[in-house]
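Okay, so here's the structure we're looking at.
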Amino acid sequence: MNKYELMVILANNMEDEARENLIAKIQGLVEANNGTVDNVEKVGLKKYAYKINYKSEGYYVLMNITCNSNVPNLVQKQLLLIEDVVRSMFVKIETK
């Protein structure tokens with residue numbers, strides 16, 4: 001099992017309840033692919049370095065995940081289909 005960080009930027013115009021449901025849905029995607037979400041850090045609203053889809057800020061969420069090496073690709077493909085996910089990125093954490 002490998003450790004990853006998943007950074008997700010959500011649309012800033014979402015209601016709090018809808019945002020929480022989407023975060024739970026993303027956790028469910030990871031767990032459905034035999035991964036575990038170790039930690040969820042809701043960073044909050046941040047300004048973009050440049051405009052994305054004519055918007056200047058988004059809601060950032062950082063998740064620490066433990067999963068097999070094929071899970072990030074599977075989850076990334078599913079995240080592309082969710083309209084309120086602006087950007088997402090997996091980073092593998094090297095362990096010694």
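By convention here, the chains of the structure tokens are called A, B, ... in the order presented, each chain's residues are numbered starting at 1, and ligands are numbered starting at 1 in the order presented.
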Write out as a PDB file with C-alpha atoms, in the first residue's frame each polymer residue whose atoms come within 9 Å of stretch 67-83 of chain A, counting only C-alpha atoms; drop sequence neighbours fewer than 3 positions from it.
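Listing of around26.pdb after writing:
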```
ATOM      1  CA  MET A   1       0.000   0.000   0.000  1.00  0.00           C
ATOM      2  CA  ASN A   2       1.223   3.457  -0.919  1.00  0.00           C
ATOM      3  CA  LYS A   3       0.517   6.806   0.716  1.00  0.00           C
ATOM      4  CA  TYR A   4      -0.816   9.722  -1.347  1.00  0.00           C
ATOM      5  CA  LEU A   6      -5.080  14.255  -2.860  1.00  0.00           C
ATOM      6  CA  ALA A  11     -16.274  25.383  -6.852  1.00  0.00           C
ATOM      7  CA  ILE A  26     -14.881  11.748  -2.854  1.00  0.00           C
ATOM      8  CA  LEU A  29     -14.772   6.921  -4.273  1.00  0.00           C
ATOM      9  CA  VAL A  30     -11.455   6.173  -2.588  1.00  0.00           C
ATOM     10  CA  GLU A  31     -12.976   3.621  -0.213  1.00  0.00           C
ATOM     11  CA  ASN A  33     -11.585   1.243  -4.708  1.00  0.00           C
ATOM     12  CA  ASN A  34     -10.146  -0.424  -1.553  1.00  0.00           C
ATOM     13  CA  GLY A  35      -8.336   2.672  -0.302  1.00  0.00           C
ATOM     14  CA  THR A  36      -8.543   4.387   3.056  1.00  0.00           C
ATOM     15  CA  VAL A  37      -8.764   8.099   3.800  1.00  0.00           C
ATOM     16  CA  VAL A  86     -12.458  22.350 -10.502  1.00  0.00           C
ATOM     17  CA  ARG A  87      -9.058  20.629 -10.216  1.00  0.00           C
ATOM     18  CA  SER A  88      -7.582  17.599  -8.480  1.00  0.00           C
ATOM     19  CA  MET A  89      -4.104  16.190  -8.103  1.00  0.00           C
ATOM     20  CA  PHE A  90      -2.576  13.100  -6.501  1.00  0.00           C
TER      21      PHE A  90
END
```
Proximity to A:Ile23 - best of A:Glu57, A:Asp84, A:Lys47, A:Glu5, only C-alpha atoms: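 Ranked by minimum distance to A:Ile23, first place goes to A:Asp84.
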As a PDB file with N, CA and C atoms, in the first residue's frame, which residues of chain A does DSSP assign to helix (DSSP H, G or I)?
```pdb
ATOM      1  N   ASP A  16     -22.733  25.001   1.988  1.00  0.00           N
ATOM      2  CA  ASP A  16     -21.931  24.211   2.919  1.00  0.00           C
ATOM      3  C   ASP A  16     -22.343  22.742   2.937  1.00  0.00           C
ATOM      4  N   GLU A  17     -23.631  22.482   2.927  1.00  0.00           N
ATOM      5  CA  GLU A  17     -24.118  21.096   2.971  1.00  0.00           C
ATOM      6  C   GLU A  17     -23.741  20.344   1.693  1.00  0.00           C
ATOM      7  N   ALA A  18     -23.868  21.001   0.545  1.00  0.00           N
ATOM      8  CA  ALA A  18     -23.498  20.372  -0.726  1.00  0.00           C
ATOM      9  C   ALA A  18     -22.001  20.100  -0.774  1.00  0.00           C
ATOM     10  N   ARG A  19     -21.203  21.007  -0.224  1.00  0.00           N
ATOM     11  CA  ARG A  19     -19.751  20.829  -0.189  1.00  0.00           C
ATOM     12  C   ARG A  19     -19.392  19.626   0.677  1.00  0.00           C
ATOM     13  N   GLU A  20     -20.020  19.513   1.847  1.00  0.00           N
ATOM     14  CA  GLU A  20     -19.754  18.377   2.743  1.00  0.00           C
ATOM     15  C   GLU A  20     -20.169  17.056   2.084  1.00  0.00           C
ATOM     16  N   ASN A  21     -21.282  17.067   1.374  1.00  0.00           N
ATOM     17  CA  ASN A  21     -21.721  15.857   0.666  1.00  0.00           C
ATOM     18  C   ASN A  21     -20.732  15.467  -0.425  1.00  0.00           C
ATOM     19  N   LEU A  22     -20.190  16.451  -1.126  1.00  0.00           N
ATOM     20  CA  LEU A  22     -19.217  16.170  -2.186  1.00  0.00           C
ATOM     21  C   LEU A  22     -17.921  15.626  -1.596  1.00  0.00           C
ATOM     22  N   ILE A  23     -17.477  16.178  -0.488  1.00  0.00           N
ATOM     23  CA  ILE A  23     -16.267  15.659   0.177  1.00  0.00           C
ATOM     24  C   ILE A  23     -16.493  14.214   0.610  1.00  0.00           C
ATOM     25  N   ALA A  24     -17.674  13.926   1.149  1.00  0.00           N
ATOM     26  CA  ALA A  24     -17.998  12.548   1.541  1.00  0.00           C
ATOM     27  C   ALA A  24     -18.052  11.636   0.323  1.00  0.00           C
ATOM     28  N   LYS A  25     -18.543  12.155  -0.802  1.00  0.00           N
ATOM     29  CA  LYS A  25     -18.599  11.368  -2.034  1.00  0.00           C
ATOM     30  C   LYS A  25     -17.192  11.030  -2.523  1.00  0.00           C
ATOM     31  N   ILE A  26     -16.266  11.983  -2.433  1.00  0.00           N
ATOM     32  CA  ILE A  26     -14.881  11.748  -2.854  1.00  0.00           C
ATOM     33  C   ILE A  26     -14.242  10.701  -1.946  1.00  0.00           C
ATOM     34  N   GLN A  27     -14.508  10.796  -0.638  1.00  0.00           N
ATOM     35  CA  GLN A  27     -14.009   9.767   0.280  1.00  0.00           C
ATOM     36  C   GLN A  27     -14.582   8.400  -0.088  1.00  0.00           C
ATOM     37  N   GLY A  28     -15.841   8.367  -0.458  1.00  0.00           N
ATOM     38  CA  GLY A  28     -16.480   7.128  -0.871  1.00  0.00           C
ATOM     39  C   GLY A  28     -15.858   6.540  -2.122  1.00  0.00           C
ATOM     40  N   LEU A  29     -15.444   7.399  -3.058  1.00  0.00           N
ATOM     41  CA  LEU A  29     -14.772   6.921  -4.273  1.00  0.00           C
ATOM     42  C   LEU A  29     -13.471   6.213  -3.925  1.00  0.00           C
ATOM     43  N   VAL A  30     -12.723   6.789  -2.999  1.00  0.00           N
ATOM     44  CA  VAL A  30     -11.455   6.173  -2.588  1.00  0.00           C
ATOM     45  C   VAL A  30     -11.724   4.844  -1.884  1.00  0.00           C
ATOM     46  N   GLU A  31     -12.686   4.834  -0.977  1.00  0.00           N
ATOM     47  CA  GLU A  31     -12.976   3.621  -0.213  1.00  0.00           C
ATOM     48  C   GLU A  31     -13.611   2.529  -1.075  1.00  0.00           C
ATOM     49  N   ALA A  32     -14.344   2.919  -2.111  1.00  0.00           N
ATOM     50  CA  ALA A  32     -14.929   1.933  -3.022  1.00  0.00           C
ATOM     51  C   ALA A  32     -13.861   1.217  -3.834  1.00  0.00           C
ATOM     52  N   VAL A  71      -5.254   2.915  -7.742  1.00  0.00           N
ATOM     53  CA  VAL A  71      -6.409   3.675  -7.269  1.00  0.00           C
ATOM     54  C   VAL A  71      -6.376   5.146  -7.696  1.00  0.00           C
ATOM     55  N   PRO A  72      -5.233   5.853  -7.631  1.00  0.00           N
ATOM     56  CA  PRO A  72      -5.255   7.259  -8.049  1.00  0.00           C
ATOM     57  C   PRO A  72      -5.772   7.478  -9.473  1.00  0.00           C
ATOM     58  N   ASN A  73      -5.392   6.625 -10.403  1.00  0.00           N
ATOM     59  CA  ASN A  73      -5.889   6.769 -11.777  1.00  0.00           C
ATOM     60  C   ASN A  73      -7.393   6.541 -11.854  1.00  0.00           C
ATOM     61  N   LEU A  74      -7.887   5.550 -11.134  1.00  0.00           N
ATOM     62  CA  LEU A  74      -9.326   5.268 -11.141  1.00  0.00           C
ATOM     63  C   LEU A  74     -10.121   6.416 -10.538  1.00  0.00           C
ATOM     64  N   VAL A  75      -9.662   6.936  -9.419  1.00  0.00           N
ATOM     65  CA  VAL A  75     -10.369   8.031  -8.754  1.00  0.00           C
ATOM     66  C   VAL A  75     -10.271   9.306  -9.574  1.00  0.00           C
ATOM     67  N   GLN A  76      -9.104   9.564 -10.158  1.00  0.00           N
ATOM     68  CA  GLN A  76      -8.908  10.773 -10.973  1.00  0.00           C
ATOM     69  C   GLN A  76      -9.881  10.804 -12.150  1.00  0.00           C
ATOM     70  N   LYS A  77     -10.089   9.673 -12.790  1.00  0.00           N
ATOM     71  CA  LYS A  77     -11.036   9.603 -13.910  1.00  0.00           C
ATOM     72  C   LYS A  77     -12.456   9.904 -13.450  1.00  0.00           C
ATOM     73  N   GLN A  78     -12.813   9.435 -12.267  1.00  0.00           N
ATOM     74  CA  GLN A  78     -14.153   9.695 -11.745  1.00  0.00           C
ATOM     75  C   GLN A  78     -14.314  11.146 -11.303  1.00  0.00           C
ATOM     76  N   LEU A  79     -13.244  11.753 -10.789  1.00  0.00           N
ATOM     77  CA  LEU A  79     -13.305  13.154 -10.374  1.00  0.00           C
ATOM     78  C   LEU A  79     -13.493  14.095 -11.559  1.00  0.00           C
TER      79      LEU A  79
END
```
Members of chain A assigned strand (DSSP E or B) by DSSP, as a PyMOL selection string: chain A and resi 2-11+36-52+55-67+85-93
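When only C-alpha atoms are used to measure the gap to A:Ile52, the shortest distance among A:Val40, A:Ile65, A:Ile93, A:Ile9 belongs to A:Ile9.
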Near-A:Val61 list (8 Å; only C-alpha atoms; drop same-chain fewer than 4 positions) as a PyMOL selection string: chain A and resi 7-10+40-44
Can you spit out the residues from that selection as a short mmCIF file (atom, residue, chain, number, x, y, z; two decimals), in the first residue's frame, using N, CA, C and O atoms?
```
data_model
loop_
_atom_site.label_atom_id
_atom_site.label_comp_id
_atom_site.auth_asym_id
_atom_site.auth_seq_id
_atom_site.Cartn_x
_atom_site.Cartn_y
_atom_site.Cartn_z
N MET A 7 -5.19 16.61 -3.44
CA MET A 7 -5.64 17.99 -3.32
C MET A 7 -6.79 18.18 -4.30
O MET A 7 -6.64 17.89 -5.49
N VAL A 8 -7.93 18.62 -3.79
CA VAL A 8 -9.11 18.84 -4.61
C VAL A 8 -9.53 20.29 -4.44
O VAL A 8 -9.58 20.80 -3.32
N ILE A 9 -9.80 20.95 -5.56
CA ILE A 9 -10.34 22.31 -5.52
C ILE A 9 -11.80 22.22 -5.96
O ILE A 9 -12.11 21.74 -7.04
N LEU A 10 -12.69 22.68 -5.07
CA LEU A 10 -14.12 22.65 -5.34
C LEU A 10 -14.58 24.05 -5.74
O LEU A 10 -13.96 25.05 -5.38
N VAL A 40 -8.60 14.27 6.49
CA VAL A 40 -9.20 15.25 5.59
C VAL A 40 -8.98 16.63 6.20
O VAL A 40 -9.39 16.88 7.34
N GLU A 41 -8.28 17.49 5.47
CA GLU A 41 -8.04 18.85 5.93
C GLU A 41 -8.76 19.80 4.99
O GLU A 41 -8.44 19.88 3.81
N LYS A 42 -9.74 20.50 5.54
CA LYS A 42 -10.49 21.49 4.76
C LYS A 42 -9.76 22.81 4.87
O LYS A 42 -9.88 23.52 5.87
N VAL A 43 -8.97 23.13 3.85
CA VAL A 43 -8.13 24.33 3.88
C VAL A 43 -9.00 25.58 3.78
O VAL A 43 -8.74 26.57 4.44
N GLY A 44 -10.03 25.53 2.96
CA GLY A 44 -10.95 26.66 2.85
C GLY A 44 -10.80 27.41 1.54
O GLY A 44 -10.13 26.95 0.61
#
```
d(atom CA of A:Glu94, atom CA of A:Met63) in Å: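 Value for the atom CA of A:Glu94-atom CA of A:Met63 distance: 15.8 Å.
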Pick from A:Leu62, A:Lys51, A:Asp38, A:Leu45 nearest to A:Asn12, counting only C-alpha atoms: A:Leu45
